[in-house]
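See below for data.pdb, which holds PDB, C-alpha atoms.
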```pdb
ATOM      1  CA  PRO A   1      10.083 -31.966  -0.964
ATOM      2  CA  PRO A   2      11.491 -33.563   2.209
ATOM      3  CA  GLY A   3      12.529 -30.922   4.688
ATOM      4  CA  ALA A   4      10.494 -28.199   3.000
ATOM      5  CA  ARG A   5       8.222 -26.056   5.093
ATOM      6  CA  ALA A   6       4.626 -27.207   5.355
ATOM      7  CA  ARG A   7       2.036 -25.249   3.422
ATOM      8  CA  VAL A   8      -1.443 -24.665   4.726
ATOM      9  CA  VAL A   9      -4.379 -24.151   2.413
ATOM     10  CA  THR A  10      -7.138 -22.472   4.384
ATOM     11  CA  LEU A  11     -10.793 -22.627   3.451
ATOM     12  CA  THR A  12     -10.625 -18.908   2.663
ATOM     13  CA  ARG A  13      -7.754 -19.462   0.228
ATOM     14  CA  LEU A  14      -9.559 -22.414  -1.318
ATOM     15  CA  VAL A  15     -12.629 -20.279  -2.006
ATOM     16  CA  GLU A  16     -10.409 -17.528  -3.468
ATOM     17  CA  GLU A  17      -8.682 -20.023  -5.765
ATOM     18  CA  ALA A  18     -12.054 -21.434  -6.841
ATOM     19  CA  ARG A  19     -13.285 -17.956  -7.766
ATOM     20  CA  ILE A  20     -10.120 -17.141  -9.715
ATOM     21  CA  VAL A  21     -10.213 -20.448 -11.596
ATOM     22  CA  LEU A  22     -13.905 -20.082 -12.428
ATOM     23  CA  ALA A  23     -13.371 -16.546 -13.727
ATOM     24  CA  SER A  24     -10.245 -17.569 -15.657
ATOM     25  CA  LYS A  25     -12.281 -20.251 -17.451
ATOM     26  CA  GLY A  26     -14.935 -17.712 -18.422
ATOM     27  CA  ALA A  27     -17.457 -18.475 -15.671
ATOM     28  CA  VAL A  28     -17.372 -14.905 -14.359
ATOM     29  CA  GLU A  29     -20.915 -14.988 -12.993
ATOM     30  CA  ALA A  30     -20.365 -18.330 -11.238
ATOM     31  CA  ALA A  31     -17.218 -16.929  -9.631
ATOM     32  CA  ALA A  32     -19.336 -14.380  -7.760
ATOM     33  CA  ARG A  33     -21.843 -16.936  -6.449
ATOM     34  CA  PRO A  34     -21.500 -19.067  -3.310
ATOM     35  CA  ILE A  35     -19.046 -21.944  -3.782
ATOM     36  CA  ASP A  36     -20.531 -25.350  -2.975
ATOM     37  CA  SER A  37     -18.727 -28.309  -1.426
ATOM     38  CA  GLN A  38     -18.352 -30.162  -4.724
ATOM     39  CA  VAL A  39     -16.555 -27.198  -6.295
ATOM     40  CA  LEU A  40     -14.426 -26.848  -3.152
ATOM     41  CA  ARG A  41     -13.351 -30.508  -3.335
ATOM     42  CA  ALA A  42     -12.491 -30.168  -7.032
ATOM     43  CA  THR A  43     -10.607 -26.949  -6.325
ATOM     44  CA  LEU A  44      -8.672 -28.596  -3.511
ATOM     45  CA  GLU A  45      -7.607 -31.401  -5.863
ATOM     46  CA  TRP A  46      -6.588 -28.775  -8.403
ATOM     47  CA  VAL A  47      -4.684 -26.662  -5.849
ATOM     48  CA  LEU A  48      -2.816 -29.724  -4.569
ATOM     49  CA  ASP A  49      -1.845 -30.731  -8.106
ATOM     50  CA  GLN A  50      -0.867 -27.182  -9.046
ATOM     51  CA  THR A  51       1.240 -26.781  -5.913
ATOM     52  CA  LEU A  52       3.072 -30.065  -6.432
ATOM     53  CA  LEU A  53       3.698 -29.308 -10.106
ATOM     54  CA  ALA A  54       4.837 -25.746  -9.382
ATOM     55  CA  ASP A  55       7.201 -27.019  -6.679
ATOM     56  CA  GLU A  56       8.627 -29.581  -9.094
ATOM     57  CA  ALA A  57       9.065 -26.889 -11.757
ATOM     58  CA  ALA A  58      10.862 -24.687  -9.234
ATOM     59  CA  ARG A  59      13.055 -27.582  -8.087
ATOM     60  CA  LEU A  60      14.032 -28.325 -11.679
ATOM     61  CA  GLN A  61      14.238 -24.610 -12.538
ATOM     62  CA  VAL A  62      11.867 -25.082 -15.474
ATOM     63  CA  GLY A  63       8.990 -22.954 -16.667
ATOM     64  CA  GLU A  64      10.095 -19.662 -15.181
ATOM     65  CA  VAL A  65       7.753 -16.768 -15.905
ATOM     66  CA  THR A  66       8.540 -13.086 -15.981
ATOM     67  CA  ARG A  67       6.591 -10.252 -14.408
ATOM     68  CA  ASP A  68       5.610  -9.100 -17.885
ATOM     69  CA  GLN A  69       4.188 -12.535 -18.696
ATOM     70  CA  VAL A  70       2.185 -12.562 -15.457
ATOM     71  CA  ALA A  71       0.981  -9.038 -16.240
ATOM     72  CA  GLY A  72      -0.184 -10.336 -19.618
ATOM     73  CA  GLU A  73      -2.082 -13.159 -17.898
ATOM     74  CA  LEU A  74      -3.686 -10.627 -15.552
ATOM     75  CA  ALA A  75      -4.718  -8.487 -18.531
ATOM     76  CA  ARG A  76      -6.328 -11.536 -20.186
ATOM     77  CA  PHE A  77      -8.054 -12.366 -16.901
ATOM     78  CA  ARG A  78      -9.435  -8.825 -16.598
ATOM     79  CA  ALA A  79     -10.671  -9.023 -20.193
ATOM     80  CA  ARG A  80     -12.996 -11.874 -19.179
ATOM     81  CA  PHE A  81     -15.101  -9.309 -17.340
ATOM     82  CA  PRO A  82     -17.523  -7.084 -19.269
ATOM     83  CA  ASP A  83     -15.736  -3.911 -18.136
ATOM     84  CA  ALA A  84     -13.371  -2.468 -15.546
ATOM     85  CA  ALA A  85     -16.237  -1.854 -13.125
ATOM     86  CA  ALA A  86     -17.248  -5.528 -13.239
ATOM     87  CA  TYR A  87     -13.661  -6.540 -12.526
ATOM     88  CA  ALA A  88     -13.514  -4.078  -9.614
ATOM     89  CA  ARG A  89     -16.776  -5.528  -8.261
ATOM     90  CA  PHE A  90     -15.285  -9.027  -8.505
ATOM     91  CA  LEU A  91     -12.209  -7.954  -6.537
ATOM     92  CA  SER A  92     -14.327  -6.176  -3.933
ATOM     93  CA  ALA A  93     -16.847  -9.013  -3.515
ATOM     94  CA  THR A  94     -14.110 -11.645  -3.223
ATOM     95  CA  GLU A  95     -11.827  -9.428  -1.121
ATOM     96  CA  LEU A  96      -8.998 -10.140  -3.535
ATOM     97  CA  GLY A  97      -6.384  -7.833  -4.951
ATOM     98  CA  ASP A  98      -4.441  -7.897  -8.190
ATOM     99  CA  GLU A  99      -1.510  -9.414  -6.252
ATOM    100  CA  GLU A 100      -3.462 -12.515  -5.208
ATOM    101  CA  VAL A 101      -4.956 -12.957  -8.659
ATOM    102  CA  SER A 102      -1.542 -12.475 -10.280
ATOM    103  CA  SER A 103       0.017 -15.006  -7.940
ATOM    104  CA  VAL A 104      -2.480 -17.712  -8.915
ATOM    105  CA  LEU A 105      -2.281 -16.840 -12.618
ATOM    106  CA  GLY A 106       1.521 -16.862 -12.493
ATOM    107  CA  ARG A 107       1.526 -20.295 -10.875
ATOM    108  CA  MET A 108      -0.926 -21.589 -13.478
ATOM    109  CA  LEU A 109       1.294 -20.258 -16.269
ATOM    110  CA  ARG A 110       4.408 -21.802 -14.740
ATOM    111  CA  VAL A 111       2.688 -25.177 -14.370
ATOM    112  CA  ASP A 112       1.487 -25.038 -17.985
ATOM    113  CA  ARG A 113       5.008 -24.274 -19.184
ATOM    114  CA  TYR A 114       6.500 -27.013 -17.047
ATOM    115  CA  LEU A 115       4.011 -29.564 -18.362
ATOM    116  CA  GLU A 116       4.665 -28.458 -21.924
ATOM    117  CA  THR A 117       8.396 -28.909 -21.369
ATOM    118  CA  ARG A 118       8.037 -32.196 -19.505
ATOM    119  CA  ILE A 119       5.247 -33.831 -21.485
ATOM    120  CA  GLY A 120       4.833 -31.836 -24.664
ATOM    121  CA  ARG A 121       1.639 -31.438 -26.633
ATOM    122  CA  GLY A 122       0.858 -35.061 -27.331
ATOM    123  CA  GLY A 123       3.339 -36.047 -29.962
ATOM    124  CA  ALA A 124       2.709 -37.748 -33.239
ATOM    125  CA  VAL A 125       0.001 -40.367 -33.484
ATOM    126  CA  ALA A 126       0.656 -42.899 -36.228
ATOM    127  CA  ASP A 127      -1.953 -43.536 -38.917
ATOM    128  CA  GLU A 128      -2.160 -47.190 -37.839
ATOM    129  CA  ASP A 129      -3.029 -46.118 -34.297
ATOM    130  CA  VAL A 130      -5.727 -43.770 -35.587
ATOM    131  CA  GLU A 131      -7.243 -46.498 -37.745
ATOM    132  CA  ARG A 132      -7.127 -49.093 -34.927
ATOM    133  CA  TYR A 133      -8.750 -46.683 -32.481
ATOM    134  CA  ALA A 134     -11.440 -45.751 -35.017
ATOM    135  CA  ARG A 135     -12.234 -49.435 -35.655
ATOM    136  CA  GLU A 136     -12.430 -50.169 -31.922
ATOM    137  CA  GLN A 137     -14.731 -47.188 -31.371
ATOM    138  CA  GLY A 138     -16.821 -47.802 -34.478
ATOM    139  CA  LEU A 139     -15.836 -44.476 -36.001
ATOM    140  CA  SER A 140     -15.409 -43.626 -39.635
ATOM    141  CA  VAL A 141     -12.126 -41.985 -40.534
ATOM    142  CA  GLU A 142     -12.675 -41.863 -44.266
ATOM    143  CA  SER A 143     -12.266 -38.104 -44.439
ATOM    144  CA  ARG A 144      -9.071 -36.279 -43.578
ATOM    145  CA  ALA A 145     -10.951 -34.078 -41.099
ATOM    146  CA  ALA A 146     -12.277 -37.130 -39.232
ATOM    147  CA  ARG A 147      -8.794 -38.715 -39.124
ATOM    148  CA  GLU A 148      -7.273 -35.505 -37.798
ATOM    149  CA  ALA A 149      -9.998 -35.142 -35.174
ATOM    150  CA  VAL A 150      -9.305 -38.686 -33.935
ATOM    151  CA  ARG A 151      -5.556 -38.051 -34.048
ATOM    152  CA  ALA A 152      -5.964 -34.846 -32.001
ATOM    153  CA  ARG A 153      -8.149 -36.591 -29.425
ATOM    154  CA  MET A 154      -5.637 -39.434 -29.102
ATOM    155  CA  GLY A 155      -2.821 -36.915 -28.612
ATOM    156  CA  GLU A 156      -4.842 -35.136 -25.909
ATOM    157  CA  ALA A 157      -5.554 -38.456 -24.203
ATOM    158  CA  ARG A 158      -1.833 -39.276 -24.173
ATOM    159  CA  VAL A 159      -1.028 -35.901 -22.593
ATOM    160  CA  GLU A 160      -3.796 -36.323 -19.997
ATOM    161  CA  SER A 161      -2.505 -39.776 -19.119
ATOM    162  CA  ALA A 162       1.083 -38.530 -18.799
ATOM    163  CA  VAL A 163      -0.044 -35.658 -16.557
ATOM    164  CA  ARG A 164      -2.040 -38.063 -14.358
ATOM    165  CA  ASP A 165       1.025 -40.310 -14.045
ATOM    166  CA  LEU A 166       3.294 -37.371 -13.195
ATOM    167  CA  VAL A 167       0.878 -36.000 -10.587
ATOM    168  CA  ALA A 168       0.437 -39.473  -9.067
ATOM    169  CA  ASP A 169       4.218 -39.752  -8.751
ATOM    170  CA  LEU A 170       4.474 -36.320  -7.113
ATOM    171  CA  ARG A 171       1.590 -37.087  -4.759
ATOM    172  CA  GLY A 172       3.264 -40.361  -3.847
ATOM    173  CA  ARG A 173       6.302 -38.417  -2.653
ATOM    174  CA  ALA A 174       4.291 -35.744  -0.838
ATOM    175  CA  ASP A 175       2.844 -35.711   2.641
ATOM    176  CA  ILE A 176      -0.675 -34.360   2.178
ATOM    177  CA  ARG A 177      -2.955 -33.989   5.169
ATOM    178  CA  ILE A 178      -6.498 -32.781   4.823
ATOM    179  CA  LEU A 179      -7.981 -31.752   8.134
ATOM    180  CA  ASP A 180     -11.485 -30.753   7.061
ATOM    181  CA  PRO A 181     -13.660 -33.894   7.194
ATOM    182  CA  GLY A 182     -15.882 -32.507   4.430
ATOM    183  CA  LEU A 183     -12.895 -32.244   2.091
ATOM    184  CA  ALA A 184     -10.970 -35.291   3.324
ATOM    185  CA  SER A 185     -11.812 -37.387   0.253
ATOM    186  CA  ALA A 186      -9.895 -34.856  -1.816
ATOM    187  CA  GLY A 187      -6.173 -35.389  -1.855
ATOM    188  CA  THR A 188      -6.537 -39.115  -2.392
ATOM    189  CA  ARG A 189      -7.131 -40.607  -5.765
TER     190      ARG A 189
END
```

Could you write out this file's structure as structure tokens?
Amino acid sequence: PPGARARVVTLTRLVEEARIVLASKGAVEAAARPIDSQVLRATLEWVLDQTLLADEAARLQVGEVTRDQVAGELARFRARFPDAAAYARFLSATELGDEEVSSVLGRMLRVDRYLETRIGRGGAVADEDVERYAREQGLSVESRAAREAVRARMGEARVESAVRDLVADLRGRADIRILDPGLASAGTR
């Protein structure tokens, strides 16, 4: 927001965030490997979006999370690793601590809650819309399962579109400067 202190995302932090996100999505082995420039650019986009959304949630006082909820997220994160030793190796290799991991997981949880409050889960998709979409795509929606699959996909698409619009609005109000020439294409969409 205007007048707020500037935040700096260092390359070290970007790599840490990439490793946490990879591990949180189940790519535990990939999280321990070297992070390439393509993953760094995608992570930078993600970090920018997450930061803007978390700031907006804080400004609106929406999506608060408790320490217990963050602890639950950390427990789920740890469970992605085969055992406690593998998790300890991850922390050691990445030079991260539970505090850094918890901070990222807490922000992710807050952003998810904010988006759920702001946008919802997709809303109802009318039968006529499902049938029109199926015709346009050449899909058969004769069975109930096929109709529901199309309906779910349409709901997801609506949520994705609403999130893109919200993030574009927040980015339009933000002053984002990317100083690394290799990452400079990130931050602009």

### Query
From the list A:Asp129, A:Glu56, A:Glu16, A:Glu156, which residue is nearest A:Leu44 when using all atoms listed in the file?
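Of A:Asp129, A:Glu56, A:Glu16, A:Glu156, the one nearest A:Leu44 is A:Glu16, counting all atoms listed in the file.
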
Hey, what's within 8 Å of stretch 19-35 of chain A if we count only C-alpha atoms and toss same-chain stuff fewer than 6 positions away? As an mmCIF file with C-alpha atoms, keeping the file's coordinate frame, please?
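New file selection_0.cif:
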```
data_model
loop_
_atom_site.group_PDB
_atom_site.id
_atom_site.type_symbol
_atom_site.label_atom_id
_atom_site.label_comp_id
_atom_site.auth_asym_id
_atom_site.auth_seq_id
_atom_site.Cartn_x
_atom_site.Cartn_y
_atom_site.Cartn_z
ATOM 1 C CA PHE A 77 -8.054 -12.366 -16.901
ATOM 2 C CA ARG A 80 -12.996 -11.874 -19.179
ATOM 3 C CA PHE A 81 -15.101 -9.309 -17.340
ATOM 4 C CA PHE A 90 -15.285 -9.027 -8.505
ATOM 5 C CA ALA A 93 -16.847 -9.013 -3.515
ATOM 6 C CA THR A 94 -14.110 -11.645 -3.223
ATOM 7 C CA VAL A 101 -4.956 -12.957 -8.659
ATOM 8 C CA VAL A 104 -2.480 -17.712 -8.915
#
```

### Task
May I have the protein, DNA and RNA residues with any atom at most 12 Å from the point (8.5, -15.9, -17.5), counting only C-alpha atoms, written as number ranges by chain?
A: 61-73, 105-114

### Task
Identify, on the basis of only C-alpha atoms, every residue whose closest approach to A:Arg153 does not exceed 12 Å; exclude the query and any residue fewer than 3 positions from it along the same chain; express the result as a PyMOL selection string.
chain A and resi 121-125+129-130+133-134+146-150+156-160

### Task
List the neighbours of A:Leu48 out to 12 Å using all atoms listed in the file; skip same-chain residues closer than 5 positions along the sequence, and give me the result as a ChimeraX atom specification.
/A:7-9,14,17,41-43,53-55,167-168,170-171,174-178,186-189

Using all atoms of stretch 95-108 of chain A that appear in the file, construct an axis-aligned enclosing box with 3 Å of padding on every side and provide its centre coordinates and edge lengths in Å, rounded to one decimal, as lines of an AutoDock Vina configuration file.
```
center_x = -5.2
center_y = -14.7
center_z = -7.3
size_x = 19.4
size_y = 19.8
size_z = 18.4
```

### Message
Using all atoms listed in the file, can you tell me which of A:Asp169, A:Asp180, A:Asp49, A:Glu95 comes closest to A:Leu11?
### Response
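Among the listed residues, the smallest separation from A:Leu11 belongs to A:Asp180.
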
### Task
Would you mind telling me which residue in A:Ser102, A:Thr117, A:Thr10, A:Gln38 lies nearest to A:Ala57 when using only C-alpha atoms?
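Nearest candidate to A:Ala57 out of A:Ser102, A:Thr117, A:Thr10, A:Gln38: A:Thr117.
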